file coords29.tsv (TSV, C-alpha atoms)
chain	number	residue	atom	x	y	z
A	1	MET	CA	-3.04	-27.70	-10.08
A	2	PRO	CA	-4.23	-24.17	-9.21
A	3	PHE	CA	-0.83	-23.25	-7.69
A	4	SER	CA	2.87	-23.67	-8.26
A	5	PHE	CA	5.01	-24.10	-5.15
A	6	GLN	CA	8.69	-23.08	-5.26
A	7	LYS	CA	11.10	-24.05	-2.49
A	8	LEU	CA	13.41	-21.22	-1.50
A	9	ALA	CA	16.86	-21.19	0.12
A	10	ILE	CA	15.21	-22.31	3.37
A	11	PRO	CA	13.37	-25.28	1.78
A	12	GLU	CA	10.30	-25.21	4.03
A	13	VAL	CA	9.62	-21.56	3.10
A	14	LEU	CA	7.65	-21.59	-0.15
A	15	LEU	CA	6.91	-19.02	-2.82
A	16	ILE	CA	3.43	-19.76	-4.14
A	17	THR	CA	2.10	-18.59	-7.49
A	18	PRO	CA	-1.63	-19.08	-8.03
A	19	ASP	CA	-3.00	-19.84	-11.49
A	20	LEU	CA	-4.94	-16.92	-12.89
A	21	ALA	CA	-8.01	-17.17	-15.10
A	22	GLY	CA	-8.59	-13.83	-16.77
A	23	ASP	CA	-10.48	-12.25	-19.61
A	24	ALA	CA	-11.90	-8.85	-20.58
A	25	ARG	CA	-14.10	-8.88	-17.44
A	26	GLY	CA	-11.22	-9.28	-14.99
A	27	PHE	CA	-9.70	-12.34	-13.33
A	28	PHE	CA	-10.30	-15.18	-10.91
A	29	MET	CA	-7.76	-17.06	-8.82
A	30	GLU	CA	-7.82	-19.38	-5.86
A	31	ILE	CA	-5.90	-18.07	-2.83
A	32	TYR	CA	-5.96	-21.21	-0.73
A	33	LYS	CA	-7.06	-24.79	-1.32
A	34	ARG	CA	-6.37	-27.21	1.51
A	35	SER	CA	-5.86	-30.24	-0.76
A	36	ALA	CA	-3.37	-28.44	-3.04
A	37	PHE	CA	-1.43	-27.04	-0.09
A	38	ALA	CA	-1.36	-30.46	1.62
A	39	ALA	CA	-0.05	-32.05	-1.60
A	40	ALA	CA	2.80	-29.48	-1.48
A	41	GLY	CA	3.58	-30.41	2.15
A	42	ILE	CA	1.67	-27.62	3.91
A	43	GLU	CA	-0.59	-29.46	6.34
A	44	ASP	CA	-1.33	-26.41	8.50
A	45	ALA	CA	-4.86	-25.25	9.19
A	46	PHE	CA	-5.25	-21.48	9.11
A	47	VAL	CA	-7.32	-19.99	11.96
A	48	GLN	CA	-6.91	-16.20	11.72
A	49	GLU	CA	-6.63	-13.67	8.90
A	50	ASN	CA	-5.04	-10.21	9.27
A	51	HIS	CA	-4.98	-7.14	7.02
A	52	SER	CA	-2.49	-4.28	7.32
A	53	SER	CA	-1.99	-1.07	5.38
A	54	SER	CA	1.29	0.86	5.33
A	55	GLU	CA	2.96	3.72	3.50
A	56	ARG	CA	6.17	3.69	1.45
A	57	GLY	CA	9.25	3.04	3.58
A	58	VAL	CA	7.42	1.48	6.53
A	59	LEU	CA	9.16	-1.61	7.89
A	60	ARG	CA	7.24	-4.03	10.11
A	61	GLY	CA	9.12	-6.79	11.91
A	62	LEU	CA	10.81	-8.99	12.66
A	63	HIS	CA	7.96	-10.74	14.51
A	64	PHE	CA	7.12	-14.24	15.67
A	65	GLN	CA	5.16	-15.95	18.43
A	66	ARG	CA	6.63	-18.50	20.83
A	67	GLU	CA	5.13	-21.95	21.39
A	68	PRO	CA	2.48	-23.04	22.02
A	69	PHE	CA	1.12	-20.18	19.89
A	70	ALA	CA	3.78	-20.07	17.17
A	71	GLN	CA	2.24	-19.04	13.86
A	72	GLY	CA	2.76	-20.34	10.36
A	73	LYS	CA	1.79	-17.61	7.89
A	74	LEU	CA	0.51	-17.31	4.34
A	75	ILE	CA	1.28	-13.77	3.17
A	76	ARG	CA	-0.05	-11.95	0.11
A	77	VAL	CA	-0.32	-8.36	-1.10
A	78	ILE	CA	-3.59	-7.00	-2.50
A	79	LYS	CA	-2.37	-3.44	-3.15
A	80	GLY	CA	1.15	-2.20	-3.85
A	81	GLU	CA	4.44	-4.01	-3.29
A	82	ILE	CA	6.51	-5.19	-0.33
A	83	PHE	CA	9.87	-6.82	0.28
A	84	ASP	CA	8.87	-9.78	2.47
A	85	VAL	CA	11.43	-11.47	4.76
A	86	ALA	CA	11.48	-14.80	6.60
A	87	VAL	CA	14.22	-15.70	9.12
A	88	ASP	CA	14.83	-19.24	10.42
A	89	VAL	CA	14.92	-18.98	14.25
A	90	ARG	CA	15.09	-22.74	15.05
A	91	PRO	CA	17.86	-23.42	17.59
A	92	GLU	CA	19.23	-26.61	15.99
A	93	SER	CA	18.58	-25.80	12.33
A	94	PRO	CA	21.36	-25.84	9.72
A	95	THR	CA	19.71	-22.69	8.29
A	96	ARG	CA	19.36	-20.93	11.68
A	97	GLY	CA	19.80	-17.19	11.18
A	98	LYS	CA	19.43	-17.43	7.40
A	99	TRP	CA	16.90	-15.15	5.76
A	100	ILE	CA	14.92	-15.06	2.55
A	101	GLY	CA	13.57	-11.91	0.94
A	102	VAL	CA	11.10	-11.79	-1.95
A	103	SER	CA	9.04	-9.13	-3.63
A	104	LEU	CA	5.32	-9.71	-3.18
A	105	SER	CA	2.93	-7.42	-5.02
A	106	ALA	CA	-0.61	-7.01	-6.22
A	107	ASP	CA	0.82	-7.30	-9.75
A	108	ASN	CA	2.77	-10.56	-9.34
A	109	ARG	CA	0.06	-12.08	-7.07
A	110	GLN	CA	2.62	-14.37	-5.45
A	111	MET	CA	2.33	-15.50	-1.84
A	112	MET	CA	4.89	-16.69	0.68
A	113	TYR	CA	4.33	-19.48	3.18
A	114	LEU	CA	6.37	-19.28	6.40
A	115	PRO	CA	6.46	-22.19	8.85
A	116	ARG	CA	5.79	-21.49	12.54
A	117	TRP	CA	9.52	-21.24	13.33
A	118	CYS	CA	10.15	-18.19	11.15
A	119	ALA	CA	10.43	-14.57	12.17
A	120	HIS	CA	8.63	-12.35	9.67
A	121	GLY	CA	9.02	-8.78	8.51
A	122	PHE	CA	8.40	-6.64	5.47
A	123	CYS	CA	9.04	-3.17	4.11
A	124	VAL	CA	6.81	-1.24	1.74
A	125	LEU	CA	8.22	-0.40	-1.70
A	126	SER	CA	5.16	1.27	-3.24
A	127	ASP	CA	3.30	4.44	-2.19
A	128	THR	CA	1.02	2.25	-0.06
A	129	ALA	CA	0.66	-1.49	0.40
A	130	GLU	CA	-2.08	-3.65	1.80
A	131	VAL	CA	-0.99	-7.02	3.12
A	132	ILE	CA	-3.28	-9.89	4.04
A	133	TYR	CA	-1.96	-12.90	5.88
A	134	MET	CA	-3.50	-16.00	7.36
A	135	THR	CA	-2.01	-17.59	10.47
A	136	THR	CA	-2.05	-21.09	11.95
A	137	ALA	CA	-2.53	-19.86	15.53
A	138	GLU	CA	-4.47	-16.96	16.94
A	139	TYR	CA	-2.62	-13.87	18.09
A	140	ALA	CA	-1.45	-14.30	21.68
A	141	PRO	CA	0.24	-11.10	22.92
A	142	GLU	CA	1.86	-12.84	25.90
A	143	HIS	CA	3.74	-15.14	23.44
A	144	GLU	CA	4.80	-12.41	21.02
A	145	SER	CA	8.48	-11.95	20.35
A	146	GLY	CA	10.79	-10.43	17.80
A	147	ILE	CA	14.27	-9.65	16.61
A	148	MET	CA	15.69	-6.21	15.87
A	149	TRP	CA	15.06	-5.47	12.21
A	150	ASN	CA	18.64	-4.36	11.53
A	151	GLU	CA	20.43	-7.15	13.42
A	152	PRO	CA	24.02	-7.12	12.09
A	153	ARG	CA	24.42	-10.92	12.39
A	154	LEU	CA	21.46	-11.47	10.08
A	155	ALA	CA	22.69	-8.84	7.57
A	156	ILE	CA	19.30	-8.50	5.88
A	157	THR	CA	19.59	-6.39	2.75
A	158	TRP	CA	16.51	-4.22	3.17
A	159	PRO	CA	15.82	-2.22	-0.03
A	160	ILE	CA	14.82	0.90	1.96
A	161	PRO	CA	17.93	2.54	3.48
A	162	SER	CA	16.15	4.49	6.27
A	163	PRO	CA	12.80	2.82	6.92
A	164	THR	CA	10.07	4.04	9.22
A	165	VAL	CA	10.05	1.58	12.14
A	166	SER	CA	7.74	1.60	15.17
A	167	ALA	CA	9.18	2.13	18.66
A	168	ARG	CA	8.12	-1.42	19.53
A	169	ASP	CA	9.96	-2.91	16.54
A	170	LYS	CA	13.07	-0.84	17.33
A	171	ALA	CA	13.09	-2.34	20.84
A	172	TRP	CA	13.25	-6.03	19.89
A	173	PRO	CA	16.42	-7.75	21.12
A	174	PRO	CA	19.29	-8.89	18.91
A	175	PHE	CA	19.28	-12.38	17.43
A	176	SER	CA	20.73	-14.87	19.90
call {"tool": "encode", "arguments": {"input": "coords29.tsv", "output": "structure tokens"}}
result
Amino acid sequence: MPFSFQKLAIPEVLLITPDLAGDARGFFMEIYKRSAFAAAGIEDAFVQENHSSSERGVLRGLHFQREPFAQGKLIRVIKGEIFDVAVDVRPESPTRGKWIGVSLSADNRQMMYLPRWCAHGFCVLSDTAEVIYMTTAEYAPEHESGIMWNEPRLAITWPIPSPTVSARDKAWPPFS
């Protein structure tokens, strides 16, 4: 199989490691293969791809979209390193309010899959980072929502003590 899929503390959130074929010329790896992802339980179809670039210490999040435009995401880093966070926001979930944080980097080439009921955020650990992520629904600004990045009830251990956060991300409400 061209990928290994690791369940994390929130079992539906997966850390994905692609197989790498490399030699003196460089490398080749598959990023997404519908049949392999379906065999691992990811039946989603991805419909939009986004690319962001940020400097060291930038924190983006915690974002999600409400139904009917909730987005599952497949996140990867093509330059630099980030600390990537998923938060379970499902009302009746036994893991509601739990979070997972992993290091994604161009060097480790790992990806994280977040189901549509996760809030997502990341902070940049390298001088710059470029993040590419595919989504299962198109961006719908009228359905956008978020949670304050430093919500005390979530107690996310961000590795950057004083991140650079946008005014919009500072204005998200607390987790309720």
call {"tool": "closest_residue", "arguments": {"input": "coords29.tsv", "among": "A:Phe27, A:Ala137, A:Gly146, A:Phe83", "to": "Leu59 of chain A", "atoms": "all atoms listed in the file"}}
result
A:Phe83
call {"tool": "residues_around", "arguments": {"input": "coords29.tsv", "residues": "Glu81 of chain A", "least_positions_apart": "6", "cutoff": "8 Å", "atoms": "only C-alpha atoms", "output": "PyMOL selection string"}}
result
chain A and resi 103-106+124-126+128-129
call {"tool": "closest_residue", "arguments": {"input": "coords29.tsv", "among": "A:Val165, A:Val13, A:Asp107, A:Arg96", "to": "Glu55 of chain A", "atoms": "all atoms listed in the file"}}
result
A:Val165
call {"tool": "atom_distance", "arguments": {"input": "coords29.tsv", "atom1": "atom CA of Tyr139 of chain A", "atom2": "atom CA of Arg34 of chain A"}}
result
21.6 Å
call {"tool": "atom_distance", "arguments": {"input": "coords29.tsv", "atom1": "atom CA of Trp117 of chain A", "atom2": "atom CA of Ser162 of chain A"}}
result
27.5 Å
call {"tool": "residues_around", "arguments": {"input": "coords29.tsv", "residues": "Thr136 of chain A", "least_positions_apart": "5", "cutoff": "6 Å", "atoms": "only C-alpha atoms", "output": "list in words"}}
result
Ala45, Phe46, Val47, Gln71 and Gly72 of chain A
call {"tool": "residues_around", "arguments": {"input": "coords29.tsv", "residues": "Ser145 of chain A", "least_positions_apart": "6", "cutoff": "8 Å", "atoms": "only C-alpha atoms", "output": "ChimeraX atom specification"}}
result
/A:63-66,172
call {"tool": "closest_residue", "arguments": {"input": "coords29.tsv", "among": "A:Pro2, A:Pro159, A:Gly97, A:Pro115", "to": "Ile147 of chain A", "atoms": "all atoms listed in the file"}}
result
A:Gly97
